[in-house]
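Below is one structure, written out as structure tokens; comments come after it.
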Amino acid sequence: MRLQLKNIGQTTDADIRFGDLTVFVGPQATGKSIALQFLKLVLDIGHVQEEMTRYGLDWSGELPRFFDAYFGEGMSGLWRQGESKVSWAGHTIDLPRLIGRVRKNKVESAFYIPAQRVLALRNGWPRPFSDYSPGDPFVVAEFSEKLRVLVEREFGAQEALFPQPSRLKQEFQDMLQQNVFRGFDLRIDRSRPQKRLVLGPEDHPLPFMAWSAGQREFVPLLLGFYWLMPPSKAKTRGTIEWVVLEELEMGLHPRAIEVLLLMTMELVSRGYRVCLSSHSPQVLEALWALQRLIAYRGSPQALLGVFEAPNTARLRKLAETVMAKRAKVYYFDPTTGTTTDISELDVDSEEAGGDGWGGLSEFSGRVNSAVARVVANARRRAEP
Amino acid sequence: MTFRNAVQETPDLRGAWRPGLRALGTDSRHVAASDPRTIAGSVNIEECLKKSRKNERQWDYAVGHKPSNRRTEVVYWIEVHPAYDHEIKVVKEKLNSLRNWLRTNAPRLNEMDSDFVWVASGDTSFTKGSKQVRRLADGGLSFRGGVLKLPARFEEP
């Protein structure tokens with residue numbers, strides 16, 4: 001699957017061939033998020049139009065107005081008539097024409113977890129789509145609405161949201177308990193007129209505003225994973241084939257990121273195509289390890305060892321499945337507005353962004369070189 | 001003191017100075033300089049010391065360099081070695097031998113500001129930002145992946 005974007009916003013030429021797991025890296029404001037939202041748009045254009053219409057968003061068939069509604073207020077300038085071009089699977093998409101009329105095909109195939117996911121909860125409860133203003137990005141409002149439906153309908157009268165044995169493997173629950181919730185349960189508090197999510201026991205519930213920043217970031221993400229992992233025997237949810245996850249690491253400690261990376265691999269092993277954006281060196285280090293383990297025929301246990309995950313039969317199976325998949329990494333170059341395939345993660349690449357892995361390990365390299373030089377010469381000077 | 005003079009004043013290295021990266025032979029592919037004219041010659045250390053200090057593991061090479069921001073030349077002590085976890089001990093042993101030799105037998109070279117660099121001879125089992133590399137840095141050894149790119153500048157240590 002290939003997505004090409006030309007002359008859209010800050011992107012002059014992006015050419016992305018997706019793997020089973022695809023990661024976008026690059027400095028801030030280089031077009032990663034726009035590319036991810038375009039992916040959702042080309043996959044789900046009929047569904048997006050239907051949802052926007054259902055919630056009263058009107059673009060009068062005009063592309064600039066549609067962009068303001070879909071990408072968010074002020075984004076109509078992304079598209080430059082006559083210059084901008086988007087292609088999917090090698091075919092140019094006539095976006096102005098497509099936006100001009102509502103599509104018949106309304107199947108949704110991509111689930112989008114936006115970077116602004118913390119906004120999905122207000123006072124500890126998922127906000128409905130209608131709670132957002134017309135200028136808010138569609139993917140944020142839609143994600144929020146999905147969480148609301150999940151919590152209100154699928155969990156029904158249940159109280160406990162975490163632990164939740166029917167949705168998550170016990171191993172993940174144990175790791176999350178240790179690294180994110182630290183002994184607290186997440187549950188629905190119905191003791192007040194308005195329902196809310198709280199952490200902790202019934203007699204001492206912690207409301208949303210008392211959660212740690214990491215917990216506030218994590219809970220919408222966890223609910224997103226629940227949505228993607230239905231309690232039935234089905235491995236994936238309905239027609240969803242793609243998962244887009246922006247900045248998986250946001251607000252989280254490296255140990256929590258490790259668990260999330262493993263849970264992301266669970267999504268890949270279930271058959272979803274997962275596409276991430278990230279500013280975390282840890283994400284690329286995990287991918288680097290995955291690729292090297294595959295290249296040297298490492299064992300599934302070795303992959304689990306990277307995450308300090310329990311060596312259980314279920315997780316070994318997960319690791320084995322992931323090691324048969326294909327990962328891709330793209331660097332979004334701020335100077336040229338282009339993308340570079342850095343999937344090899346070669347530490348000595350001369351390609352733009354390849355050395356230093358798209359800028360994510362440059363700092364570590366500089367830190368080590370500076371320290372090594374100072375230590376070596378200080379010792380030399382101190383010697384008699 | 002230039003690198004070449006310091007080498008010539010070191011009895012163990014007499015006659016071993018070579019122009020450019022010539023002393024590195026095929027390993028010269030592991031070193032790159034944006035301006036080759038700034039390379040002030042090289043020496044194959046292991047070749048020079050293997051007979052006189054045969055009980056010790058020897059460091060591979062020394063490369064002189066004239067940074068753009070300094071009047072004096074500096075030395076890059078380069079070990080081209082497989083970059084695996086179990087080789088860390090070996091490289092540290094070599095570094096200790098080199099330091100002892102510099103202190104006792106090569107005072108002129110020991111006076112010059114230096115970088116001690118491990119360059120991977122092949123594939124690498126640790127990343128530039130890994131804990132292993134931080135530990136090496138804490139011991140005064142800089143891991144630079146498969147190619148040492150000599151920077152134009154050498155900041156005061």
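If you're wondering about the labels, chains in the structure tokens are A, B, ... by order shown, residues count from 1 in each chain, ligands from 1 in order shown.
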
Hey, list the chain B side of the contact with chain A: 10 Å cut-off, only C-alpha atoms, answer as a tab-separated table (two decimals) with N, CA, C and O atoms, in the first residue's frame.
```
chain	number	residue	atom	x	y	z
B	99	ARG	N	46.75	3.26	27.13
B	99	ARG	CA	46.99	4.37	28.07
B	99	ARG	C	48.30	4.16	28.83
B	99	ARG	O	49.05	5.11	29.05
B	102	LEU	N	51.10	4.91	26.47
B	102	LEU	CA	51.21	6.36	26.23
B	102	LEU	C	51.92	7.03	27.41
B	102	LEU	O	52.79	7.89	27.23
B	103	ARG	N	51.56	6.62	28.61
B	103	ARG	CA	52.11	7.25	29.81
B	103	ARG	C	53.60	6.94	29.95
B	103	ARG	O	54.40	7.80	30.28
B	110	ASN	N	51.16	11.64	24.33
B	110	ASN	CA	50.27	11.74	25.48
B	110	ASN	C	49.96	13.19	25.86
B	110	ASN	O	48.97	13.47	26.52
B	111	GLU	N	50.82	14.09	25.40
B	111	GLU	CA	50.56	15.51	25.69
B	111	GLU	C	49.47	16.09	24.80
B	111	GLU	O	48.91	17.15	25.09
B	112	MET	N	49.20	15.43	23.70
B	112	MET	CA	48.25	16.00	22.73
B	112	MET	C	46.80	15.67	23.11
B	112	MET	O	46.52	14.57	23.61
B	113	ASP	N	45.91	16.62	22.86
B	113	ASP	CA	44.49	16.35	23.10
B	113	ASP	C	44.04	15.23	22.16
B	113	ASP	O	44.45	15.19	20.99
B	114	SER	N	43.19	14.35	22.70
B	114	SER	CA	42.88	13.12	21.95
B	114	SER	C	41.42	12.71	22.09
B	114	SER	O	40.75	13.08	23.07
B	115	ASP	N	40.97	11.92	21.15
B	115	ASP	CA	39.72	11.16	21.28
B	115	ASP	C	40.08	9.70	21.12
B	115	ASP	O	40.86	9.34	20.23
B	116	PHE	N	39.53	8.86	22.00
B	116	PHE	CA	39.71	7.42	21.89
B	116	PHE	C	38.41	6.85	21.32
B	116	PHE	O	37.35	7.01	21.93
B	117	VAL	N	38.52	6.23	20.16
B	117	VAL	CA	37.30	5.92	19.40
B	117	VAL	C	37.24	4.44	19.04
B	117	VAL	O	38.22	3.87	18.55
B	120	ALA	N	32.99	0.31	14.70
B	120	ALA	CA	32.53	-1.06	14.46
B	120	ALA	C	33.10	-1.59	13.15
B	120	ALA	O	33.00	-0.94	12.11
B	123	ASP	N	28.78	-5.47	11.69
B	123	ASP	CA	27.47	-5.17	12.24
B	123	ASP	C	27.62	-4.75	13.71
B	123	ASP	O	28.65	-4.99	14.34
B	124	THR	N	26.57	-4.10	14.23
B	124	THR	CA	26.63	-3.53	15.57
B	124	THR	C	25.52	-4.12	16.43
B	124	THR	O	24.40	-4.24	15.96
B	125	SER	N	25.86	-4.47	17.67
B	125	SER	CA	24.80	-5.02	18.53
B	125	SER	C	24.31	-4.01	19.55
B	125	SER	O	23.50	-4.34	20.39
B	126	PHE	N	24.83	-2.78	19.51
B	126	PHE	CA	24.23	-1.78	20.41
B	126	PHE	C	24.11	-0.44	19.69
B	126	PHE	O	24.83	-0.17	18.74
B	127	THR	N	23.19	0.37	20.18
B	127	THR	CA	22.90	1.63	19.50
B	127	THR	C	23.75	2.75	20.10
B	127	THR	O	24.30	2.61	21.19
B	128	LYS	N	23.79	3.87	19.37
B	128	LYS	CA	24.62	4.99	19.84
B	128	LYS	C	24.14	5.56	21.17
B	128	LYS	O	24.89	6.17	21.89
B	129	GLY	N	22.86	5.36	21.44
B	129	GLY	CA	22.30	5.92	22.68
B	129	GLY	C	22.16	4.89	23.78
B	129	GLY	O	21.50	5.15	24.79
B	130	SER	N	22.75	3.73	23.62
B	130	SER	CA	22.50	2.65	24.58
B	130	SER	C	23.31	2.81	25.86
B	130	SER	O	24.28	3.58	25.93
B	133	VAL	N	27.00	2.09	25.51
B	133	VAL	CA	27.80	3.18	24.94
B	133	VAL	C	28.02	4.28	25.97
B	133	VAL	O	29.09	4.90	26.03
B	134	ARG	N	27.03	4.49	26.81
B	134	ARG	CA	27.20	5.49	27.88
B	134	ARG	C	28.31	5.05	28.84
B	134	ARG	O	29.11	5.85	29.31
B	135	ARG	N	28.33	3.74	29.13
B	135	ARG	CA	29.37	3.23	30.04
B	135	ARG	C	30.76	3.41	29.42
B	135	ARG	O	31.71	3.76	30.11
B	136	LEU	N	30.85	3.16	28.13
B	136	LEU	CA	32.13	3.35	27.44
B	136	LEU	C	32.55	4.82	27.52
B	136	LEU	O	33.71	5.13	27.80
B	137	ALA	N	31.58	5.71	27.28
B	137	ALA	CA	31.88	7.15	27.32
B	137	ALA	C	32.38	7.54	28.70
B	137	ALA	O	33.31	8.35	28.84
B	138	ASP	N	31.78	6.95	29.72
B	138	ASP	CA	32.19	7.25	31.09
B	138	ASP	C	33.62	6.78	31.35
B	138	ASP	O	34.28	7.28	32.26
B	139	GLY	N	34.08	5.84	30.55
B	139	GLY	CA	35.46	5.38	30.66
B	139	GLY	C	36.37	6.10	29.67
B	139	GLY	O	37.52	5.70	29.50
B	140	GLY	N	35.86	7.10	28.98
B	140	GLY	CA	36.67	7.89	28.07
B	140	GLY	C	36.75	7.34	26.66
B	140	GLY	O	37.58	7.76	25.86
B	141	LEU	N	35.86	6.41	26.33
B	141	LEU	CA	35.89	5.79	25.00
B	141	LEU	C	34.61	6.14	24.25
B	141	LEU	O	33.50	5.97	24.76
B	142	SER	N	34.78	6.62	23.03
B	142	SER	CA	33.64	7.07	22.25
B	142	SER	C	33.31	6.04	21.16
B	142	SER	O	34.18	5.71	20.35
B	143	PHE	N	32.08	5.53	21.16
B	143	PHE	CA	31.67	4.59	20.12
B	143	PHE	C	31.02	5.38	18.98
B	143	PHE	O	30.10	6.15	19.21
B	144	ARG	N	31.49	5.19	17.75
B	144	ARG	CA	31.01	6.03	16.64
B	144	ARG	C	30.35	5.22	15.52
B	144	ARG	O	30.35	5.65	14.37
B	145	GLY	N	29.88	4.01	15.80
B	145	GLY	CA	29.27	3.22	14.72
B	145	GLY	C	30.34	2.72	13.76
B	145	GLY	O	31.49	2.50	14.16
B	146	GLY	N	30.00	2.54	12.51
B	146	GLY	CA	30.89	1.91	11.55
B	146	GLY	C	31.88	2.86	10.88
B	146	GLY	O	32.84	2.41	10.26
B	147	VAL	N	31.62	4.17	10.97
B	147	VAL	CA	32.52	5.13	10.32
B	147	VAL	C	32.74	6.31	11.26
B	147	VAL	O	31.79	6.91	11.76
B	148	LEU	N	34.01	6.62	11.50
B	148	LEU	CA	34.33	7.83	12.27
B	148	LEU	C	34.39	9.00	11.29
B	148	LEU	O	35.25	9.03	10.40
B	149	LYS	N	33.45	9.91	11.44
B	149	LYS	CA	33.48	11.10	10.59
B	149	LYS	C	34.26	12.16	11.35
B	149	LYS	O	33.75	12.68	12.36
B	154	PHE	N	37.34	20.60	16.89
B	154	PHE	CA	37.61	19.76	18.06
B	154	PHE	C	37.44	20.68	19.26
B	154	PHE	O	38.28	21.52	19.54
B	155	GLU	N	36.30	20.53	19.94
B	155	GLU	CA	36.03	21.44	21.05
B	155	GLU	C	36.94	21.11	22.22
B	155	GLU	O	37.29	19.95	22.45
B	156	GLU	N	37.30	22.13	22.96
B	156	GLU	CA	38.17	21.98	24.12
B	156	GLU	C	37.54	20.97	25.09
B	156	GLU	O	36.39	21.11	25.48
B	157	PRO	N	38.30	19.92	25.48
B	157	PRO	CA	37.69	18.93	26.36
B	157	PRO	C	37.45	19.49	27.78
B	157	PRO	O	38.14	20.38	28.20
```

Using only C-alpha atoms, which of the listed residues (B:Pro151, B:Gly15, B:Gly20, B:Pro67) sits closest to Ile45 in chain B?
B:Gly15

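Atom pair CA of Met323 in chain A / CA of Arg270 in chain A has a distance of 12.9 Å (rounded to one decimal).
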
Excluding Thr22 in chain A and residues on its chain fewer than 6 positions from it, collect all residues at most 6 Å away from it, counting only C-alpha atoms, and give them as a list of chain:residue names.
A:Cys275, A:Ala327, A:Lys328, A:Val329

Could you please write out, as a PyMOL selection string, every residue of range 80-113 of chain B that DSSP assigns to helix (DSSP H, G or I)?
chain B and resi 85-105+107-110

Compile the contact shell of His81 in chain B as a PyMOL selection string: residues with an atom at most 12 Å away, counting only C-alpha atoms, same-chain residues fewer than 3 positions apart removed.
chain B and resi 27+30+58-61+78+84-92+94+117-124+143-147

Would you pick out the contacts of Tyr112 in chain A at 8 Å or less, using only C-alpha atoms, so that residues sharing its chain but fewer than 3 positions from it are not included, and give the list as a PDB file with C-alpha atoms, in the first residue's frame?
```pdb
ATOM      1  CA  LYS A  40      -7.511   8.055   7.150  1.00  0.00           C
ATOM      2  CA  VAL A 139     -10.135  12.666  14.104  1.00  0.00           C
ATOM      3  CA  PHE A 143     -12.066   9.215  18.575  1.00  0.00           C
ATOM      4  CA  VAL A 243      -4.808   1.597  13.197  1.00  0.00           C
ATOM      5  CA  VAL A 244      -3.279   5.057  13.218  1.00  0.00           C
ATOM      6  CA  LEU A 245      -1.651   6.021  16.485  1.00  0.00           C
TER       7      LEU A 245
END
```

Of the listed residues A:Leu176, A:Leu121, A:Ala157, A:Val42, that which approaches Ile93 in chain A most closely, counting only C-alpha atoms
A:Val42

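Residues within 10 Å of Gln177 in chain A, counting only C-alpha atoms and excluding same-chain residues fewer than 5 positions away, are Phe162, Pro163, Glu171, Phe172, Arg182, Gly183, Phe184, Asp185 and Ala256 of chain A.
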
Quick one: residues within 8 Å of range 234-239 of chain A, only C-alpha atoms, excluding same-chain residues fewer than 5 positions away - as a count of residues only?
9
